[in-house]
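Undergrad: Provided below: work03.pdb, containing PDB, C-alpha atoms.
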```pdb
ATOM      1  CA  MET X   1     -38.372  -9.508 -91.657  1.00  0.00           C
ATOM      2  CA  ARG X   2     -34.764  -8.430 -91.316  1.00  0.00           C
ATOM      3  CA  ARG X   3     -35.724  -4.868 -92.283  1.00  0.00           C
ATOM      4  CA  VAL X   4     -38.520  -4.828 -89.678  1.00  0.00           C
ATOM      5  CA  ARG X   5     -36.103  -5.992 -86.966  1.00  0.00           C
ATOM      6  CA  TYR X   6     -33.608  -3.317 -88.011  1.00  0.00           C
ATOM      7  CA  VAL X   7     -36.240  -0.563 -87.888  1.00  0.00           C
ATOM      8  CA  LEU X   8     -37.485  -1.751 -84.492  1.00  0.00           C
ATOM      9  CA  TYR X   9     -33.897  -1.916 -83.225  1.00  0.00           C
ATOM     10  CA  LYS X  10     -33.062   1.601 -84.461  1.00  0.00           C
ATOM     11  CA  GLU X  11     -36.278   3.051 -83.054  1.00  0.00           C
ATOM     12  CA  THR X  12     -35.699   1.614 -79.587  1.00  0.00           C
ATOM     13  CA  LEU X  13     -32.053   2.630 -79.166  1.00  0.00           C
ATOM     14  CA  LEU X  14     -31.469   4.888 -76.202  1.00  0.00           C
ATOM     15  CA  ASP X  15     -29.299   7.945 -76.682  1.00  0.00           C
ATOM     16  CA  PHE X  16     -28.321   8.888 -73.168  1.00  0.00           C
ATOM     17  CA  ARG X  17     -26.578  12.108 -74.261  1.00  0.00           C
ATOM     18  CA  GLU X  18     -29.706  13.242 -76.085  1.00  0.00           C
ATOM     19  CA  HIS X  19     -31.884  12.397 -73.086  1.00  0.00           C
ATOM     20  CA  LEU X  20     -29.511  14.196 -70.720  1.00  0.00           C
ATOM     21  CA  TRP X  21     -29.610  17.445 -72.749  1.00  0.00           C
ATOM     22  CA  THR X  22     -33.378  17.170 -73.126  1.00  0.00           C
ATOM     23  CA  PHE X  23     -33.730  16.747 -69.362  1.00  0.00           C
ATOM     24  CA  LEU X  24     -31.362  19.591 -68.512  1.00  0.00           C
ATOM     25  CA  GLY X  25     -33.023  22.011 -70.932  1.00  0.00           C
ATOM     26  CA  ALA X  26     -36.569  21.177 -69.880  1.00  0.00           C
ATOM     27  CA  PHE X  27     -35.700  21.230 -66.184  1.00  0.00           C
ATOM     28  CA  THR X  28     -33.926  24.570 -66.429  1.00  0.00           C
ATOM     29  CA  GLY X  29     -36.548  26.235 -68.654  1.00  0.00           C
ATOM     30  CA  ILE X  30     -39.575  25.141 -66.661  1.00  0.00           C
ATOM     31  CA  GLY X  31     -37.741  25.599 -63.358  1.00  0.00           C
ATOM     32  CA  LEU X  32     -36.874  29.216 -64.175  1.00  0.00           C
ATOM     33  CA  ILE X  33     -40.416  30.016 -65.285  1.00  0.00           C
ATOM     34  CA  GLY X  34     -41.936  28.341 -62.238  1.00  0.00           C
ATOM     35  CA  PHE X  35     -39.551  30.071 -59.860  1.00  0.00           C
ATOM     36  CA  LEU X  36     -40.002  33.531 -61.364  1.00  0.00           C
ATOM     37  CA  GLN X  37     -43.776  33.258 -61.743  1.00  0.00           C
ATOM     38  CA  SER X  38     -44.183  31.910 -58.221  1.00  0.00           C
ATOM     39  CA  LYS X  39     -43.097  35.359 -57.068  1.00  0.00           C
ATOM     40  CA  PHE X  40     -46.055  36.995 -58.884  1.00  0.00           C
ATOM     41  CA  LEU X  41     -48.867  34.440 -59.321  1.00  0.00           C
ATOM     42  CA  ASP X  42     -50.830  32.018 -57.159  1.00  0.00           C
ATOM     43  CA  PRO X  43     -49.811  28.341 -57.296  1.00  0.00           C
ATOM     44  CA  ALA X  44     -53.066  27.512 -59.142  1.00  0.00           C
ATOM     45  CA  ASP X  45     -52.157  30.025 -61.844  1.00  0.00           C
ATOM     46  CA  ASN X  46     -48.695  28.518 -62.192  1.00  0.00           C
ATOM     47  CA  ILE X  47     -50.195  25.075 -62.902  1.00  0.00           C
ATOM     48  CA  PHE X  48     -52.125  26.375 -65.907  1.00  0.00           C
ATOM     49  CA  LEU X  49     -49.282  28.431 -67.315  1.00  0.00           C
ATOM     50  CA  ILE X  50     -46.687  25.751 -66.964  1.00  0.00           C
ATOM     51  CA  GLY X  51     -49.103  23.350 -68.680  1.00  0.00           C
ATOM     52  CA  SER X  52     -48.764  25.058 -72.060  1.00  0.00           C
ATOM     53  CA  PHE X  53     -45.065  25.707 -71.507  1.00  0.00           C
ATOM     54  CA  GLY X  54     -44.592  22.049 -70.583  1.00  0.00           C
ATOM     55  CA  ALA X  55     -45.946  21.062 -73.969  1.00  0.00           C
ATOM     56  CA  SER X  56     -43.630  23.595 -75.629  1.00  0.00           C
ATOM     57  CA  SER X  57     -40.732  22.038 -73.754  1.00  0.00           C
ATOM     58  CA  VAL X  58     -41.450  18.663 -75.339  1.00  0.00           C
ATOM     59  CA  LEU X  59     -40.974  20.307 -78.722  1.00  0.00           C
ATOM     60  CA  ILE X  60     -38.071  22.689 -78.132  1.00  0.00           C
ATOM     61  CA  TYR X  61     -35.983  20.352 -75.949  1.00  0.00           C
ATOM     62  CA  GLY X  62     -37.153  16.913 -77.073  1.00  0.00           C
ATOM     63  CA  ILE X  63     -37.665  17.204 -80.852  1.00  0.00           C
ATOM     64  CA  ILE X  64     -35.616  20.266 -81.656  1.00  0.00           C
ATOM     65  CA  ASN X  65     -35.589  19.741 -85.425  1.00  0.00           C
ATOM     66  CA  SER X  66     -39.365  19.793 -85.740  1.00  0.00           C
ATOM     67  CA  PRO X  67     -40.715  22.755 -87.696  1.00  0.00           C
ATOM     68  CA  LEU X  68     -43.181  23.250 -84.825  1.00  0.00           C
ATOM     69  CA  ALA X  69     -40.284  23.693 -82.369  1.00  0.00           C
ATOM     70  CA  GLN X  70     -38.507  26.528 -84.155  1.00  0.00           C
ATOM     71  CA  PRO X  71     -38.221  29.971 -82.507  1.00  0.00           C
ATOM     72  CA  ARG X  72     -40.656  31.637 -84.914  1.00  0.00           C
ATOM     73  CA  ASN X  73     -43.286  29.037 -84.061  1.00  0.00           C
ATOM     74  CA  LEU X  74     -42.560  29.046 -80.338  1.00  0.00           C
ATOM     75  CA  VAL X  75     -42.697  32.810 -79.862  1.00  0.00           C
ATOM     76  CA  GLY X  76     -45.178  33.694 -82.594  1.00  0.00           C
ATOM     77  CA  GLY X  77     -47.539  30.851 -81.782  1.00  0.00           C
ATOM     78  CA  HIS X  78     -47.773  31.667 -78.090  1.00  0.00           C
ATOM     79  CA  LEU X  79     -48.102  35.416 -78.652  1.00  0.00           C
ATOM     80  CA  ILE X  80     -50.807  35.085 -81.299  1.00  0.00           C
ATOM     81  CA  CYS X  81     -52.717  32.632 -79.153  1.00  0.00           C
ATOM     82  CA  ALA X  82     -52.419  34.794 -76.032  1.00  0.00           C
ATOM     83  CA  LEU X  83     -53.737  37.807 -77.958  1.00  0.00           C
ATOM     84  CA  VAL X  84     -56.603  35.771 -79.381  1.00  0.00           C
ATOM     85  CA  GLY X  85     -57.433  34.243 -75.994  1.00  0.00           C
ATOM     86  CA  VAL X  86     -57.574  37.586 -74.205  1.00  0.00           C
ATOM     87  CA  THR X  87     -59.538  39.238 -77.021  1.00  0.00           C
ATOM     88  CA  ILE X  88     -62.138  36.461 -77.123  1.00  0.00           C
ATOM     89  CA  HIS X  89     -62.448  36.551 -73.335  1.00  0.00           C
ATOM     90  CA  LYS X  90     -63.176  40.287 -73.518  1.00  0.00           C
ATOM     91  CA  LEU X  91     -65.719  39.800 -76.317  1.00  0.00           C
ATOM     92  CA  VAL X  92     -67.441  36.723 -74.831  1.00  0.00           C
ATOM     93  CA  PRO X  93     -66.839  36.902 -71.072  1.00  0.00           C
ATOM     94  CA  ASN X  94     -69.888  34.993 -69.845  1.00  0.00           C
ATOM     95  CA  GLU X  95     -70.038  31.926 -72.107  1.00  0.00           C
ATOM     96  CA  LEU X  96     -67.006  29.828 -71.244  1.00  0.00           C
ATOM     97  CA  TRP X  97     -67.780  27.043 -73.717  1.00  0.00           C
ATOM     98  CA  LEU X  98     -68.095  29.511 -76.596  1.00  0.00           C
ATOM     99  CA  ALA X  99     -65.062  31.587 -75.593  1.00  0.00           C
ATOM    100  CA  ALA X 100     -62.933  28.448 -75.224  1.00  0.00           C
ATOM    101  CA  ALA X 101     -63.990  27.060 -78.598  1.00  0.00           C
ATOM    102  CA  LEU X 102     -63.544  30.386 -80.413  1.00  0.00           C
ATOM    103  CA  SER X 103     -60.144  31.010 -78.803  1.00  0.00           C
ATOM    104  CA  VAL X 104     -58.687  27.689 -79.850  1.00  0.00           C
ATOM    105  CA  ALA X 105     -60.245  27.680 -83.328  1.00  0.00           C
ATOM    106  CA  PHE X 106     -59.180  31.248 -84.189  1.00  0.00           C
ATOM    107  CA  SER X 107     -55.723  30.607 -82.743  1.00  0.00           C
ATOM    108  CA  ILE X 108     -55.129  27.596 -84.953  1.00  0.00           C
ATOM    109  CA  VAL X 109     -56.206  29.421 -88.103  1.00  0.00           C
ATOM    110  CA  LEU X 110     -54.122  32.508 -87.303  1.00  0.00           C
ATOM    111  CA  MET X 111     -51.067  30.361 -86.595  1.00  0.00           C
ATOM    112  CA  GLN X 112     -51.615  28.617 -89.924  1.00  0.00           C
ATOM    113  CA  ILE X 113     -51.938  31.938 -91.766  1.00  0.00           C
ATOM    114  CA  THR X 114     -48.798  33.372 -90.140  1.00  0.00           C
ATOM    115  CA  LYS X 115     -46.859  30.102 -90.396  1.00  0.00           C
ATOM    116  CA  THR X 116     -46.265  30.058 -86.648  1.00  0.00           C
ATOM    117  CA  LEU X 117     -48.063  26.799 -85.855  1.00  0.00           C
ATOM    118  CA  HIS X 118     -47.093  25.705 -82.337  1.00  0.00           C
ATOM    119  CA  PRO X 119     -49.644  23.278 -80.818  1.00  0.00           C
ATOM    120  CA  PRO X 120     -49.098  24.350 -77.178  1.00  0.00           C
ATOM    121  CA  GLY X 121     -50.284  27.813 -78.214  1.00  0.00           C
ATOM    122  CA  GLY X 122     -53.823  26.461 -78.253  1.00  0.00           C
ATOM    123  CA  ALA X 123     -53.524  25.865 -74.523  1.00  0.00           C
ATOM    124  CA  THR X 124     -52.209  29.401 -74.049  1.00  0.00           C
ATOM    125  CA  ALA X 125     -55.356  30.764 -75.725  1.00  0.00           C
ATOM    126  CA  LEU X 126     -57.520  28.469 -73.642  1.00  0.00           C
ATOM    127  CA  ILE X 127     -55.844  29.508 -70.384  1.00  0.00           C
ATOM    128  CA  ALA X 128     -56.812  33.141 -71.028  1.00  0.00           C
ATOM    129  CA  ASN X 129     -60.420  31.949 -70.761  1.00  0.00           C
ATOM    130  CA  ILE X 130     -60.320  29.132 -68.197  1.00  0.00           C
ATOM    131  CA  GLY X 131     -57.599  30.458 -65.891  1.00  0.00           C
ATOM    132  CA  THR X 132     -58.301  31.835 -62.467  1.00  0.00           C
ATOM    133  CA  GLN X 133     -59.800  35.283 -62.033  1.00  0.00           C
ATOM    134  CA  ARG X 134     -56.331  36.694 -61.466  1.00  0.00           C
ATOM    135  CA  ILE X 135     -55.243  35.532 -64.934  1.00  0.00           C
ATOM    136  CA  LYS X 136     -58.417  36.923 -66.490  1.00  0.00           C
ATOM    137  CA  ASP X 137     -57.877  40.223 -64.686  1.00  0.00           C
ATOM    138  CA  LEU X 138     -54.452  40.572 -66.309  1.00  0.00           C
ATOM    139  CA  GLY X 139     -56.144  41.308 -69.629  1.00  0.00           C
ATOM    140  CA  TYR X 140     -53.584  42.050 -72.331  1.00  0.00           C
ATOM    141  CA  ILE X 141     -50.797  42.087 -69.726  1.00  0.00           C
ATOM    142  CA  TYR X 142     -51.193  38.278 -69.894  1.00  0.00           C
ATOM    143  CA  VAL X 143     -49.573  38.446 -73.336  1.00  0.00           C
ATOM    144  CA  LEU X 144     -46.459  40.121 -71.924  1.00  0.00           C
ATOM    145  CA  SER X 145     -46.262  38.367 -68.606  1.00  0.00           C
ATOM    146  CA  PRO X 146     -46.502  35.489 -68.099  1.00  0.00           C
ATOM    147  CA  VAL X 147     -46.680  34.458 -71.809  1.00  0.00           C
ATOM    148  CA  LEU X 148     -43.921  36.470 -73.518  1.00  0.00           C
ATOM    149  CA  SER X 149     -41.639  36.401 -70.493  1.00  0.00           C
ATOM    150  CA  GLY X 150     -42.063  32.626 -70.170  1.00  0.00           C
ATOM    151  CA  VAL X 151     -41.576  31.976 -73.877  1.00  0.00           C
ATOM    152  CA  LEU X 152     -38.395  34.064 -73.920  1.00  0.00           C
ATOM    153  CA  ILE X 153     -37.025  32.104 -70.975  1.00  0.00           C
ATOM    154  CA  LEU X 154     -37.795  28.827 -72.750  1.00  0.00           C
ATOM    155  CA  LEU X 155     -36.177  30.111 -75.943  1.00  0.00           C
ATOM    156  CA  LEU X 156     -33.008  31.349 -74.266  1.00  0.00           C
ATOM    157  CA  VAL X 157     -32.600  28.070 -72.403  1.00  0.00           C
ATOM    158  CA  ALA X 158     -33.228  26.142 -75.645  1.00  0.00           C
ATOM    159  CA  LEU X 159     -30.597  28.192 -77.477  1.00  0.00           C
ATOM    160  CA  LEU X 160     -28.124  27.527 -74.683  1.00  0.00           C
ATOM    161  CA  PHE X 161     -28.712  23.840 -73.969  1.00  0.00           C
ATOM    162  CA  ASN X 162     -29.488  22.716 -77.520  1.00  0.00           C
ATOM    163  CA  ASN X 163     -26.217  24.154 -78.821  1.00  0.00           C
ATOM    164  CA  MET X 164     -23.844  23.009 -76.071  1.00  0.00           C
ATOM    165  CA  THR X 165     -22.821  19.889 -77.957  1.00  0.00           C
ATOM    166  CA  ALA X 166     -21.855  19.228 -81.546  1.00  0.00           C
ATOM    167  CA  HIS X 167     -24.669  16.720 -82.103  1.00  0.00           C
ATOM    168  CA  ARG X 168     -27.509  19.186 -81.376  1.00  0.00           C
ATOM    169  CA  LYS X 169     -28.257  22.360 -83.317  1.00  0.00           C
ATOM    170  CA  TYR X 170     -31.081  24.779 -82.603  1.00  0.00           C
ATOM    171  CA  PRO X 171     -32.692  26.445 -84.366  1.00  0.00           C
ATOM    172  CA  HIS X 172     -32.809  23.994 -87.197  1.00  0.00           C
ATOM    173  CA  ARG X 173     -32.503  25.572 -90.612  1.00  0.00           C
ATOM    174  CA  PRO X 174     -33.968  23.046 -92.998  1.00  0.00           C
ATOM    175  CA  VAL X 175     -33.371  23.334 -96.714  1.00  0.00           C
ATOM    176  CA  TRP X 176     -36.743  21.882 -97.650  1.00  0.00           C
ATOM    177  CA  HIS X 177     -38.507  25.206 -97.050  1.00  0.00           C
ATOM    178  CA  ILE X 178     -36.402  27.057 -99.614  1.00  0.00           C
ATOM    179  CA  ARG X 179     -38.000  27.146-103.008  1.00  0.00           C
ATOM    180  CA  ARG X 180     -35.528  26.899-105.794  1.00  0.00           C
ATOM    181  CA  ARG X 181     -36.271  28.414-109.115  1.00  0.00           C
ATOM    182  CA  ARG X 182     -35.881  26.255-112.105  1.00  0.00           C
ATOM    183  CA  HIS X 183     -34.060  27.930-114.877  1.00  0.00           C
ATOM    184  CA  ALA X 184     -35.515  27.454-118.314  1.00  0.00           C
ATOM    185  CA  HIS X 185     -32.789  26.515-120.738  1.00  0.00           C
TER     186      HIS X 185
END
```
In structure tokens, what does this structure look like?

TA:
Amino acid sequence: MRRVRYVLYKETLLDFREHLWTFLGAFTGIGLIGFLQSKFLDPADNIFLIGSFGASSVLIYGIINSPLAQPRNLVGGHLICALVGVTIHKLVPNELWLAAALSVAFSIVLMQITKTLHPPGGATALIANIGTQRIKDLGYIYVLSPVLSGVLILLLVALLFNNMTAHRKYPHRPVWHIRRRRHAH
């Protein structure tokens, strides 16, 4: 019982510094994307785009040590998914249910194969198919802007805000992914 109380206590502690840096990073990253994209896209388009970037923000500002939050996953995941989403939309333009399902399914598998799994990328692929006509009309430009431009903004803000204090480090370089060879003696 004492161990359960300790675990519950530790899990419910508030770290105001951590929450402050999470807030500042997420606010700045999403704010910059929203401001810049509002100059080029309709407000309805911004809602969809910021949806997938909002989910990325949870990872790269809120749980920065997660393997899914690392730069390779953030950038690679969104780019792969944007490419898949646009390609599927071009191949299956008139069956939304099929295009949506194929986009998300192919995106997940390709992220797994390339080791760039980033869950918000699935929404990026989906947006290429369910977004407004203006997003669909972008075609492969969608990959560059708004996707790549937005992801780079999020990444730069994450690098800045997640490394401003000694208790946060991004990107996280875990040692568990390094395979060590055992020497036969």

Undergrad: Determine the residue set returned by the PyMOL selection byres ((chain X and resi 121) around 7) for the present structure, and present it as a list in words.

TA: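 Going through the file, the PyMOL selection byres ((chain X and resi 121) around 7) ends up selecting Ser52, Gly77, His78, Cys81, His118, Pro119, Pro120, Gly122, Ala123, Thr124 and Ala125 of chain X.
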
Undergrad: To one decimal place in Å, what is the distance between CA of Val157 in chain X and CA of Ser57 in chain X?

TA: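 Distance reported for this atom pair: 10.2 Å.
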
Undergrad: CA of Gly29 in chain X and CA of Arg168 in chain X are how many Å apart?

TA: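 Going from CA of Gly29 in chain X over to CA of Arg168 in chain X, I get 17.1 Å.
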
Undergrad: For a quick check of understanding, using only C-alpha atoms, which of X:Asp137, X:Phe23, X:Leu117, X:Leu83 has the smallest distance to Pro67 in chain X?

TA: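 Smallest separation from Pro67 in chain X among the options: X:Leu117.
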
Undergrad: My list of candidates is X:Glu18, X:Arg2, X:Leu59, X:Thr116. Which is closest to Leu155 in chain X when distances are computed with all atoms listed in the file?

TA: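 Nearest candidate to Leu155 in chain X out of X:Glu18, X:Arg2, X:Leu59, X:Thr116: X:Leu59.
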
Undergrad: Take every atom of range 92-104 of chain X listed in the file, pad by 6 Å on each side, and give me the axis-aligned box centre and edge lengths in Å, one decimal, as AutoDock Vina command-line options.

TA:
```
--center_x -64.4 --center_y 32.0 --center_z -75.1 --size_x 23.4 --size_y 21.9 --size_z 22.6
```

Undergrad: I want to know what sits within 6 Å of Ala69 in chain X, based on all atoms listed in the file, with residues of the same chain fewer than 3 positions away left out; could you give that as a ChimeraX atom specification?

TA: /X:59-60,64,66

Undergrad: What does the structure give for the distance between CA of Val147 in chain X and CA of Phe53 in chain X, in Å to one decimal?

TA: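 So the answer is 8.9 Å.
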
Undergrad: Give me, as a list in words, all polymer residues having an atom no more than 12 Å from Arg17 in chain X, counting only C-alpha atoms and skipping those fewer than 6 positions away in the same chain.

TA: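 After dropping sequence-adjacent residues, the list is Phe23, Leu24, Gly62, Phe161, Asn162, Met164, Thr165, Ala166, His167 and Arg168 of chain X.
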
Undergrad: With distances taken over only C-alpha atoms, which residue among X:Leu36, X:Thr132, X:Leu159, X:Gln70 lies nearest Ser145 in chain X?

TA: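 Using only C-alpha atoms, the shortest distance to Ser145 in chain X belongs to X:Leu36.
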
Undergrad: Please evaluate the PyMOL selection byres ((chain X and resi 146) around 12) against the structure above and give the resulting residues as a VMD selection string.

TA: chain X and resid 33 to 34 36 to 41 45 to 46 48 to 50 52 to 53 78 to 79 82 124 127 to 128 134 to 135 138 to 145 147 to 154

Undergrad: Given the choices X:Gly76, X:Gly131, X:Pro93, X:Gly54, which gets closest to Ile113 in chain X if the distance is worked out from only C-alpha atoms?

TA: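 Distance minimum relative to Ile113 in chain X lands on X:Gly76.
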
Undergrad: Would you translate the PyMOL selection byres ((chain X and resi 90) around 10) into the concrete set of residues it matches in this file, as a list in words?

TA: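 Here the PyMOL selection byres ((chain X and resi 90) around 10) matches Val84, Gly85, Val86, Thr87, Ile88, His89, Leu91, Val92, Pro93, Asn94, Ala99, Ala128, Asn129, Lys136, Gly139 and Tyr140 of chain X.
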
Undergrad: May I have the residues from that selection written out with C-alpha atoms, as a compact mmCIF listing (two decimals), in the frame of the given file?

TA:
```txt
# COMPACT_ATOMS: atom_id res chain seq x y z
CA VAL X 84 -56.60 35.77 -79.38
CA GLY X 85 -57.43 34.24 -75.99
CA VAL X 86 -57.57 37.59 -74.20
CA THR X 87 -59.54 39.24 -77.02
CA ILE X 88 -62.14 36.46 -77.12
CA HIS X 89 -62.45 36.55 -73.33
CA LEU X 91 -65.72 39.80 -76.32
CA VAL X 92 -67.44 36.72 -74.83
CA PRO X 93 -66.84 36.90 -71.07
CA ASN X 94 -69.89 34.99 -69.84
CA ALA X 99 -65.06 31.59 -75.59
CA ALA X 128 -56.81 33.14 -71.03
CA ASN X 129 -60.42 31.95 -70.76
CA LYS X 136 -58.42 36.92 -66.49
CA GLY X 139 -56.14 41.31 -69.63
CA TYR X 140 -53.58 42.05 -72.33
```
